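target_1.pdb (PDB, C-alpha atoms) appears below.
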```
ATOM      1  CA  MET X   1     -11.341 -37.896  91.193
ATOM      2  CA  VAL X   2     -11.484 -41.642  91.950
ATOM      3  CA  HIS X   3      -9.192 -43.340  94.486
ATOM      4  CA  CYS X   4      -8.466 -47.019  94.805
ATOM      5  CA  ARG X   5      -6.432 -47.916  97.928
ATOM      6  CA  SER X   6      -5.023 -51.150  99.213
ATOM      7  CA  ASP X   7      -6.127 -52.053 102.774
ATOM      8  CA  THR X   8      -2.743 -53.516 103.588
ATOM      9  CA  SER X   9       0.629 -51.852 103.639
ATOM     10  CA  THR X  10       2.703 -54.873 102.810
ATOM     11  CA  THR X  11       1.132 -56.567  99.826
ATOM     12  CA  LEU X  12      -0.795 -55.867  96.640
ATOM     13  CA  THR X  13      -2.668 -59.134  96.832
ATOM     14  CA  SER X  14      -5.086 -58.308  99.635
ATOM     15  CA  ASN X  15      -8.668 -59.418  99.311
ATOM     16  CA  SER X  16     -10.262 -55.975  99.463
ATOM     17  CA  HIS X  17      -9.784 -52.421  98.165
ATOM     18  CA  PHE X  18     -11.307 -49.054  98.853
ATOM     19  CA  CYS X  19     -12.951 -47.881  95.620
ATOM     20  CA  VAL X  20     -14.816 -44.624  95.267
ATOM     21  CA  GLY X  21     -14.760 -44.067  98.991
ATOM     22  CA  GLY X  22     -15.807 -47.596  99.818
ATOM     23  CA  ILE X  23     -14.517 -51.105  99.854
ATOM     24  CA  ALA X  24     -14.862 -53.148  96.730
ATOM     25  CA  PRO X  25     -13.315 -56.336  95.379
ATOM     26  CA  PRO X  26     -10.191 -55.885  93.244
ATOM     27  CA  LYS X  27     -11.866 -56.921  89.971
ATOM     28  CA  VAL X  28     -14.640 -54.374  90.455
ATOM     29  CA  CYS X  29     -12.171 -51.590  91.044
ATOM     30  CA  GLN X  30     -10.136 -52.602  88.004
ATOM     31  CA  THR X  31     -13.255 -52.668  85.887
ATOM     32  CA  ILE X  32     -14.207 -49.157  86.977
ATOM     33  CA  PHE X  33     -10.684 -47.992  86.229
ATOM     34  CA  PHE X  34     -10.670 -49.284  82.661
ATOM     35  CA  LEU X  35     -14.170 -47.977  82.007
ATOM     36  CA  LEU X  36     -13.090 -44.542  83.126
ATOM     37  CA  MET X  37     -10.003 -44.725  80.944
ATOM     38  CA  LEU X  38     -12.238 -45.265  77.924
ATOM     39  CA  ASN X  39     -14.009 -42.022  78.668
ATOM     40  CA  SER X  40     -12.003 -39.448  76.732
ATOM     41  CA  LYS X  41     -12.718 -36.453  78.935
ATOM     42  CA  VAL X  42     -12.416 -37.815  82.542
ATOM     43  CA  ARG X  43      -9.370 -37.171  84.705
ATOM     44  CA  ILE X  44      -8.368 -40.271  86.612
ATOM     45  CA  SER X  45      -5.957 -40.561  89.519
ATOM     46  CA  TYR X  46      -5.009 -44.124  90.308
ATOM     47  CA  ILE X  47      -2.905 -44.266  93.518
ATOM     48  CA  PHE X  48      -1.741 -47.294  95.428
ATOM     49  CA  ASP X  49      -0.776 -46.638  99.081
ATOM     50  CA  SER X  50       1.409 -49.659  99.170
ATOM     51  CA  PRO X  51       4.929 -48.808 100.398
ATOM     52  CA  LEU X  52       6.319 -51.285  97.905
ATOM     53  CA  LEU X  53       4.921 -49.490  94.869
ATOM     54  CA  SER X  54       4.393 -45.876  94.135
ATOM     55  CA  PHE X  55       2.655 -44.983  90.851
ATOM     56  CA  PRO X  56       2.537 -41.449  89.630
ATOM     57  CA  GLN X  57      -0.722 -39.746  88.960
ATOM     58  CA  ILE X  58      -1.876 -40.362  85.407
ATOM     59  CA  GLU X  59      -4.007 -37.903  83.537
ATOM     60  CA  ILE X  60      -5.822 -39.165  80.480
ATOM     61  CA  GLY X  61      -7.389 -36.928  77.932
ATOM     62  CA  THR X  62      -8.648 -37.538  74.428
ATOM     63  CA  LEU X  63      -6.314 -39.985  72.679
ATOM     64  CA  ALA X  64      -5.912 -40.112  68.907
ATOM     65  CA  PRO X  65      -5.880 -43.561  67.389
ATOM     66  CA  PRO X  66      -2.335 -44.791  66.830
ATOM     67  CA  ASP X  67      -0.850 -44.460  63.372
ATOM     68  CA  TYR X  68      -0.565 -47.813  61.758
ATOM     69  CA  ASN X  69       1.340 -48.335  58.588
ATOM     70  CA  TYR X  70      -0.112 -51.274  56.788
ATOM     71  CA  PRO X  71       2.509 -53.379  55.033
ATOM     72  CA  VAL X  72       2.674 -52.746  51.275
ATOM     73  CA  PRO X  73       3.290 -55.893  49.253
ATOM     74  CA  GLU X  74       6.403 -55.715  47.204
ATOM     75  CA  VAL X  75       5.792 -55.705  43.445
ATOM     76  CA  SER X  76       8.499 -56.801  41.101
ATOM     77  CA  LEU X  77       9.440 -54.676  38.091
ATOM     78  CA  GLU X  78       8.087 -57.281  35.689
ATOM     79  CA  GLU X  79       4.691 -57.372  37.411
ATOM     80  CA  HIS X  80       4.574 -53.550  37.362
ATOM     81  CA  GLU X  81       5.236 -53.499  33.623
ATOM     82  CA  GLU X  82       2.520 -56.106  33.067
ATOM     83  CA  GLU X  83       0.015 -53.967  34.979
ATOM     84  CA  GLU X  84       0.917 -50.917  32.886
ATOM     85  CA  GLU X  85       0.448 -52.900  29.713
ATOM     86  CA  GLU X  86      -2.980 -54.028  30.873
ATOM     87  CA  GLU X  87      -4.023 -50.436  31.531
ATOM     88  CA  LEU X  88      -3.218 -49.332  27.998
ATOM     89  CA  PRO X  89      -6.264 -48.955  25.721
ATOM     90  CA  LEU X  90      -6.630 -52.087  23.697
ATOM     91  CA  LYS X  91      -7.059 -51.952  19.922
ATOM     92  CA  PRO X  92     -10.501 -53.283  19.045
ATOM     93  CA  GLN X  93     -10.389 -56.735  17.558
ATOM     94  CA  LEU X  94     -12.177 -56.861  14.244
ATOM     95  CA  ILE X  95     -14.334 -59.914  13.818
ATOM     96  CA  PRO X  96     -15.537 -61.626  10.669
ATOM     97  CA  GLN X  97     -18.621 -60.225   9.016
ATOM     98  CA  GLY X  98     -21.160 -61.890   6.827
ATOM     99  CA  SER X  99     -22.713 -60.726   3.571
ATOM    100  CA  GLY X 100     -21.522 -57.346   2.459
ATOM    101  CA  GLY X 101     -18.391 -57.442   4.595
ATOM    102  CA  SER X 102     -14.740 -57.900   3.869
ATOM    103  CA  GLY X 103     -13.931 -60.382   6.571
ATOM    104  CA  VAL X 104     -13.626 -57.603   9.161
ATOM    105  CA  LEU X 105     -16.282 -55.773  11.071
ATOM    106  CA  MET X 106     -15.954 -52.314   9.508
ATOM    107  CA  GLY X 107     -13.998 -53.046   6.364
ATOM    108  CA  PRO X 108     -10.351 -52.194   5.683
ATOM    109  CA  ASP X 109      -8.809 -48.973   6.963
ATOM    110  CA  THR X 110      -8.848 -45.886   4.748
ATOM    111  CA  GLN X 111      -6.209 -43.190   4.349
ATOM    112  CA  LYS X 112      -8.225 -41.090   6.791
ATOM    113  CA  GLY X 113      -7.378 -43.504   9.601
ATOM    114  CA  MET X 114     -10.758 -45.173   9.975
ATOM    115  CA  PRO X 115     -12.449 -48.221   8.453
ATOM    116  CA  THR X 116     -14.366 -47.726   5.210
ATOM    117  CA  CYS X 117     -17.719 -48.647   6.714
ATOM    118  CA  LEU X 118     -17.190 -46.100   9.472
ATOM    119  CA  LEU X 119     -16.247 -43.331   7.057
ATOM    120  CA  CYS X 120     -18.892 -44.330   4.513
ATOM    121  CA  THR X 121     -22.233 -46.098   4.877
ATOM    122  CA  CYS X 122     -22.340 -49.839   4.185
ATOM    123  CA  LEU X 123     -25.705 -51.504   3.620
ATOM    124  CA  GLY X 124     -25.489 -55.102   2.556
ATOM    125  CA  GLY X 125     -23.256 -55.122  -0.506
ATOM    126  CA  SER X 126     -23.644 -51.397  -1.199
ATOM    127  CA  VAL X 127     -21.108 -48.790  -0.075
ATOM    128  CA  TYR X 128     -22.156 -45.111  -0.072
ATOM    129  CA  CYS X 129     -19.321 -42.538   0.068
ATOM    130  CA  ASP X 130     -21.049 -39.534  -1.473
ATOM    131  CA  ASP X 131     -19.814 -35.985  -0.739
ATOM    132  CA  LEU X 132     -16.945 -36.885   1.597
ATOM    133  CA  LYS X 133     -14.208 -34.893  -0.186
ATOM    134  CA  LEU X 134     -12.382 -38.087  -1.130
ATOM    135  CA  ASP X 135      -9.350 -37.820  -3.396
ATOM    136  CA  SER X 136      -9.183 -41.534  -4.144
ATOM    137  CA  VAL X 137     -11.299 -44.657  -3.927
ATOM    138  CA  PRO X 138     -11.227 -46.047  -0.368
ATOM    139  CA  PRO X 139     -10.434 -49.744   0.112
ATOM    140  CA  LEU X 140     -13.755 -51.536  -0.247
ATOM    141  CA  PRO X 141     -15.040 -54.711   1.388
ATOM    142  CA  LYS X 142     -14.474 -57.660  -0.933
ATOM    143  CA  ASP X 143     -18.184 -58.446  -1.174
ATOM    144  CA  THR X 144     -19.129 -54.961  -2.421
ATOM    145  CA  THR X 145     -21.657 -55.074  -5.268
ATOM    146  CA  HIS X 146     -22.504 -51.368  -5.594
ATOM    147  CA  PHE X 147     -20.167 -48.442  -4.926
ATOM    148  CA  TYR X 148     -21.396 -44.843  -4.840
ATOM    149  CA  ALA X 149     -18.934 -41.974  -4.443
ATOM    150  CA  ARG X 150     -20.496 -38.973  -6.136
ATOM    151  CA  TYR X 151     -19.578 -35.347  -5.451
ATOM    152  CA  ASN X 152     -16.011 -36.087  -4.350
ATOM    153  CA  ARG X 153     -12.584 -35.120  -5.691
ATOM    154  CA  ILE X 154     -11.788 -38.452  -7.328
ATOM    155  CA  THR X 155     -10.365 -37.891 -10.810
ATOM    156  CA  LYS X 156      -8.655 -41.212 -11.455
ATOM    157  CA  ILE X 157      -9.073 -44.855 -10.518
ATOM    158  CA  ASN X 158      -6.097 -47.171 -10.113
ATOM    159  CA  LYS X 159      -6.032 -50.819 -11.078
ATOM    160  CA  SER X 160      -5.751 -51.860  -7.425
ATOM    161  CA  ASP X 161      -8.924 -49.998  -6.366
ATOM    162  CA  PHE X 162     -11.223 -52.830  -7.444
ATOM    163  CA  ALA X 163      -8.764 -55.724  -7.368
ATOM    164  CA  SER X 164     -10.339 -59.166  -6.888
ATOM    165  CA  MET X 165     -13.830 -57.706  -6.516
ATOM    166  CA  ASN X 166     -15.759 -60.216  -8.592
ATOM    167  CA  LYS X 167     -19.168 -59.226  -7.226
ATOM    168  CA  LEU X 168     -18.960 -55.550  -8.166
ATOM    169  CA  LYS X 169     -21.900 -54.626 -10.409
ATOM    170  CA  ARG X 170     -22.094 -50.848 -10.345
ATOM    171  CA  ILE X 171     -19.744 -47.913  -9.786
ATOM    172  CA  ASP X 172     -21.258 -44.452  -9.555
ATOM    173  CA  LEU X 173     -18.592 -41.764  -9.437
ATOM    174  CA  THR X 174     -18.072 -38.266 -10.649
ATOM    175  CA  LEU X 175     -14.881 -39.071 -12.512
ATOM    176  CA  GLU X 176     -13.396 -39.282 -15.973
ATOM    177  CA  GLU X 177     -10.924 -42.171 -15.957
ATOM    178  CA  LEU X 178     -11.188 -45.802 -14.922
ATOM    179  CA  VAL X 179      -8.079 -47.980 -14.984
ATOM    180  CA  ILE X 180      -8.578 -51.500 -13.623
ATOM    181  CA  ARG X 181      -6.006 -53.455 -15.598
ATOM    182  CA  GLU X 182      -4.706 -56.862 -14.536
ATOM    183  CA  ASN X 183      -7.386 -57.840 -12.066
ATOM    184  CA  HIS X 184      -9.848 -60.704 -11.990
ATOM    185  CA  ILE X 185     -12.931 -58.683 -12.843
ATOM    186  CA  SER X 186     -15.546 -60.694 -14.712
ATOM    187  CA  GLN X 187     -18.101 -57.928 -15.145
ATOM    188  CA  LEU X 188     -17.545 -54.279 -16.013
ATOM    189  CA  PRO X 189     -19.620 -52.199 -13.583
ATOM    190  CA  ALA X 190     -22.009 -49.504 -14.743
ATOM    191  CA  LEU X 191     -20.094 -46.254 -15.115
ATOM    192  CA  PRO X 192     -21.060 -42.576 -15.269
ATOM    193  CA  GLU X 193     -21.505 -40.798 -18.586
ATOM    194  CA  THR X 194     -18.573 -38.480 -17.851
ATOM    195  CA  MET X 195     -15.937 -41.101 -18.613
ATOM    196  CA  THR X 196     -13.103 -40.197 -20.989
ATOM    197  CA  LEU X 197     -10.920 -43.278 -20.519
ATOM    198  CA  ILE X 198     -11.758 -46.864 -19.604
ATOM    199  CA  ASP X 199      -8.999 -49.437 -19.337
ATOM    200  CA  ALA X 200     -10.161 -52.857 -18.178
ATOM    201  CA  SER X 201      -7.549 -54.914 -20.011
ATOM    202  CA  HIS X 202      -6.160 -58.227 -18.710
ATOM    203  CA  ASN X 203      -9.244 -59.246 -16.783
ATOM    204  CA  SER X 204     -11.851 -62.002 -17.045
ATOM    205  CA  ILE X 205     -14.672 -60.056 -18.697
ATOM    206  CA  GLY X 206     -16.758 -62.441 -20.804
ATOM    207  CA  THR X 207     -19.915 -62.475 -22.903
ATOM    208  CA  LYS X 208     -22.166 -61.182 -20.132
ATOM    209  CA  GLY X 209     -19.516 -58.998 -18.562
ATOM    210  CA  ILE X 210     -20.589 -55.760 -20.307
ATOM    211  CA  HIS X 211     -24.026 -54.217 -19.905
ATOM    212  CA  LYS X 212     -26.091 -53.671 -23.018
ATOM    213  CA  GLU X 213     -25.311 -50.280 -24.584
ATOM    214  CA  ALA X 214     -22.885 -49.617 -21.740
ATOM    215  CA  PHE X 215     -20.960 -46.902 -23.660
ATOM    216  CA  LYS X 216     -23.757 -45.363 -25.715
ATOM    217  CA  ASP X 217     -24.266 -42.219 -23.617
ATOM    218  CA  MET X 218     -20.599 -41.582 -22.797
ATOM    219  CA  THR X 219     -20.327 -38.658 -25.173
ATOM    220  CA  SER X 220     -16.864 -37.720 -23.856
ATOM    221  CA  LEU X 221     -15.303 -41.188 -24.037
ATOM    222  CA  LEU X 222     -12.003 -41.102 -25.951
ATOM    223  CA  TYR X 223     -10.208 -44.330 -25.084
ATOM    224  CA  LEU X 224     -11.676 -47.793 -24.539
ATOM    225  CA  TYR X 225      -9.182 -50.581 -23.791
ATOM    226  CA  LEU X 226     -10.536 -54.092 -23.269
ATOM    227  CA  THR X 227      -7.652 -56.260 -24.443
ATOM    228  CA  ASP X 228      -6.952 -59.774 -23.143
ATOM    229  CA  ASN X 229     -10.425 -60.663 -21.942
ATOM    230  CA  TYR X 230     -13.059 -63.171 -23.108
ATOM    231  CA  ILE X 231     -15.294 -60.794 -25.068
ATOM    232  CA  ASP X 232     -16.915 -62.375 -28.150
ATOM    233  CA  TYR X 233     -18.507 -59.257 -29.690
ATOM    234  CA  ILE X 234     -17.781 -55.570 -30.231
ATOM    235  CA  PRO X 235     -19.721 -53.618 -27.581
ATOM    236  CA  VAL X 236     -21.877 -51.352 -29.721
ATOM    237  CA  PRO X 237     -23.121 -48.677 -30.001
ATOM    238  CA  LEU X 238     -19.953 -46.670 -29.468
ATOM    239  CA  PRO X 239     -20.011 -42.879 -29.006
ATOM    240  CA  ASP X 240     -18.773 -40.676 -31.831
ATOM    241  CA  SER X 241     -16.187 -39.153 -29.526
ATOM    242  CA  LEU X 242     -14.211 -42.421 -29.358
ATOM    243  CA  ARG X 243     -10.675 -42.213 -30.761
ATOM    244  CA  SER X 244      -9.123 -45.511 -29.782
ATOM    245  CA  LEU X 245     -10.675 -48.994 -29.405
ATOM    246  CA  HIS X 246      -8.416 -51.873 -28.318
ATOM    247  CA  LEU X 247     -10.004 -55.339 -28.343
ATOM    248  CA  GLN X 248      -7.043 -57.534 -29.244
ATOM    249  CA  ARG X 249      -6.721 -61.102 -27.933
ATOM    250  CA  ASN X 250     -10.381 -61.670 -27.179
ATOM    251  CA  ASN X 251     -12.823 -64.113 -28.761
ATOM    252  CA  ILE X 252     -14.536 -61.875 -31.338
ATOM    253  CA  GLN X 253     -15.578 -63.936 -34.356
ATOM    254  CA  MET X 254     -17.861 -61.677 -36.358
ATOM    255  CA  MET X 255     -18.732 -58.037 -37.106
ATOM    256  CA  HIS X 256     -21.821 -56.349 -38.501
ATOM    257  CA  GLU X 257     -21.614 -53.801 -41.302
ATOM    258  CA  ASP X 258     -23.178 -51.154 -39.100
ATOM    259  CA  THR X 259     -20.835 -51.797 -36.168
ATOM    260  CA  PHE X 260     -18.981 -48.541 -36.836
ATOM    261  CA  CYS X 261     -20.823 -46.883 -39.707
ATOM    262  CA  ASN X 262     -24.383 -45.706 -40.368
ATOM    263  CA  LEU X 263     -25.594 -47.551 -43.445
ATOM    264  CA  LYS X 264     -28.620 -45.256 -43.674
ATOM    265  CA  ASP X 265     -26.417 -42.204 -44.064
ATOM    266  CA  PHE X 266     -23.676 -42.600 -46.673
ATOM    267  CA  ASN X 267     -22.375 -39.139 -45.852
ATOM    268  CA  TYR X 268     -21.608 -40.180 -42.286
ATOM    269  CA  ILE X 269     -17.863 -40.099 -41.626
ATOM    270  CA  ARG X 270     -16.292 -41.121 -38.372
ATOM    271  CA  ASN X 271     -13.067 -39.154 -38.362
ATOM    272  CA  ALA X 272     -12.258 -39.479 -34.653
ATOM    273  CA  LEU X 273     -11.966 -43.298 -34.539
ATOM    274  CA  GLU X 274      -8.501 -43.745 -35.999
ATOM    275  CA  ASP X 275      -7.192 -46.611 -33.850
ATOM    276  CA  ILE X 276      -9.041 -49.949 -33.843
ATOM    277  CA  ARG X 277      -7.191 -53.093 -32.717
ATOM    278  CA  LEU X 278      -8.773 -56.479 -33.373
ATOM    279  CA  ASP X 279      -5.652 -58.571 -33.863
ATOM    280  CA  GLY X 280      -5.528 -61.801 -31.942
ATOM    281  CA  ASN X 281      -9.242 -62.511 -32.492
ATOM    282  CA  PRO X 282     -10.638 -65.341 -34.636
ATOM    283  CA  ILE X 283     -12.236 -62.920 -37.101
ATOM    284  CA  ASN X 284     -11.607 -62.311 -40.789
ATOM    285  CA  LEU X 285     -11.917 -58.565 -41.411
ATOM    286  CA  SER X 286     -12.084 -59.014 -45.177
ATOM    287  CA  ARG X 287     -15.596 -60.466 -44.916
ATOM    288  CA  THR X 288     -17.175 -57.153 -43.902
ATOM    289  CA  PRO X 289     -15.633 -54.401 -46.099
ATOM    290  CA  GLN X 290     -18.730 -52.182 -45.776
ATOM    291  CA  ALA X 291     -18.131 -51.945 -42.050
ATOM    292  CA  TYR X 292     -15.112 -49.640 -42.540
ATOM    293  CA  ILE X 293     -16.239 -47.209 -45.229
ATOM    294  CA  CYS X 294     -16.842 -44.408 -42.728
ATOM    295  CA  LEU X 295     -13.503 -44.908 -40.926
ATOM    296  CA  PRO X 296     -10.280 -43.022 -41.644
ATOM    297  CA  ARG X 297      -8.328 -46.282 -41.228
ATOM    298  CA  ILE X 298      -9.014 -49.986 -41.543
ATOM    299  CA  PRO X 299      -8.897 -51.842 -38.206
ATOM    300  CA  ILE X 300      -5.789 -53.854 -37.415
ATOM    301  CA  GLY X 301      -6.474 -57.560 -37.552
ATOM    302  CA  ASP X 302      -6.507 -60.663 -39.722
ATOM    303  CA  LEU X 303      -7.683 -60.154 -43.303
ATOM    304  CA  ILE X 304      -7.521 -63.805 -44.292
TER     305      ILE X 304
END
```

Representation of the structure as structure tokens:
Amino acid sequence: MVHCRSDTSTTLTSNSHFCVGGIAPPKVCQTIFFLLMLNSKVRISYIFDSPLLSFPQIEIGTLAPPDYNYPVPEVSLEEHEEEEEEELPLKPQLIPQGSGGSGVLMGPDTQKGMPTCLLCTCLGGSVYCDDLKLDSVPPLPKDTTHFYARYNRITKINKSDFASMNKLKRIDLTLEELVIRENHISQLPALPETMTLIDASHNSIGTKGIHKEAFKDMTSLLYLYLTDNYIDYIPVPLPDSLRSLHLQRNNIQMMHEDTFCNLKDFNYIRNALEDIRLDGNPINLSRTPQAYICLPRIPIGDLI
């Protein structure tokens, strides 16, 4: 217990005080008082004997720090909405890609919800989509030169699958039909031997647009449609399975006598090939009569 007393009974401004049983200057006593107040476990009794003032005894224990509510800045509704928009996951921005790309980083999106070059493997101009259980050709980068999609479920190719893909050189699929009409294809890609129908009409396929002996080993090929291109020769040899050959409105000017028939075997008859269209070409069919002796029908075209 500490006592601080005034030495006068009439004023609080005397020059001396009793502090801790002795006399001490006022500032010293005040200093001791405040130091003791800071001690959380000391009981302090501060009593003035002045008749003018009477202060009750004050007991001070451990004091918790006062609660202080920091002001929260007001946020407008518009600013709150902007913050929420910023927190949303952003869609990755696709950036241009160089050789082998389509102008976007991973190629166009597929029906499976991901870019082609994330679903498949893209190396340079080659796209590998083997054994992915695909039902259709995925959208390819425009600079694709080689496309491999073996061991899938693709049974048919639409004309839009290879639209405007002028650099495409090879297609390797386990399929039977290829329909790429009305595009700007200048070169027919290498195709598997399982083909039964090829329709590449209304394109820009020219003299070098078909590989040498491209159809020779397609022993199941039934229909070959190459109308409205810039082909200047009949793409031989053709498989015996072929039933229909459409080459109208090209630039074919001549035909060899062994184009369709085997001149070394006069018993050879080509019964399957009943439909040959050469009309619209600058060729006179009457100049090569031996070329049709094995056919069930004469090709359609100019005879003069």

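Within the 7 Å cut-off around Lys169 in chain X, using only C-alpha atoms and omitting residues fewer than 6 positions from it on the same chain, the listed residues are Thr145, His146, Gln187, Pro189 and Ala190 of chain X.
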
Picked residues, the PyMOL selection byres ((chain X and resi 230) around 9), as a PyMOL selection string:
chain X and resi 203-207+209+227-229+231-232+249-252

Distance CA of Asn267 in chain X-CA of Asp240 in chain X, one decimal place?
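Pair CA of Asn267 in chain X / CA of Asp240 in chain X returns 14.6 Å.
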
Could you please determine the separation between CA of Cys294 in chain X and CA of Glu177 in chain X in Å, to one decimal place?
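Interatomic distance, CA of Cys294 in chain X to CA of Glu177 in chain X: 27.5 Å.
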
Nearby residues, (-23.8, -42.7, -22.6) file frame, 9 Å, only C-alpha atoms, as a ChimeraX atom specification: /X:192-195,213-221,238-239

Taking C-alpha atoms for each residue, export the selection above as a short mmCIF file (atom, residue, chain, number, x, y, z; two decimals), keeping the file's coordinate frame.
```cif
data_model
loop_
_atom_site.label_atom_id
_atom_site.label_comp_id
_atom_site.auth_asym_id
_atom_site.auth_seq_id
_atom_site.Cartn_x
_atom_site.Cartn_y
_atom_site.Cartn_z
CA PRO X 192 -21.06 -42.58 -15.27
CA GLU X 193 -21.50 -40.80 -18.59
CA THR X 194 -18.57 -38.48 -17.85
CA MET X 195 -15.94 -41.10 -18.61
CA GLU X 213 -25.31 -50.28 -24.58
CA ALA X 214 -22.88 -49.62 -21.74
CA PHE X 215 -20.96 -46.90 -23.66
CA LYS X 216 -23.76 -45.36 -25.72
CA ASP X 217 -24.27 -42.22 -23.62
CA MET X 218 -20.60 -41.58 -22.80
CA THR X 219 -20.33 -38.66 -25.17
CA SER X 220 -16.86 -37.72 -23.86
CA LEU X 221 -15.30 -41.19 -24.04
CA LEU X 238 -19.95 -46.67 -29.47
CA PRO X 239 -20.01 -42.88 -29.01
#
```

I need the output of the PyMOL selection byres ((chain X and resi 162) around 9) for this file as a list in words; which residues are they?
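Selected by the PyMOL selection byres ((chain X and resi 162) around 9) here: Val137, Pro139, Leu140, Lys142, Ile157, Asn158, Lys159, Ser160, Asp161, Ala163, Ser164, Met165, Asn166, Leu168, Ile180, Asn183 and Ile185 of chain X.
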
d(CA of Leu285 in chain X, CA of Cys261 in chain X) in Å
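A separation of 14.8 Å between them.
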
Mind checking which residues fall within 8 Å of Ser126 in chain X, counting all atoms listed in the file, ignoring those fewer than 4 positions away in the same chain, and posting them as a PyMOL selection string? chain X and resi 100+122+144-148
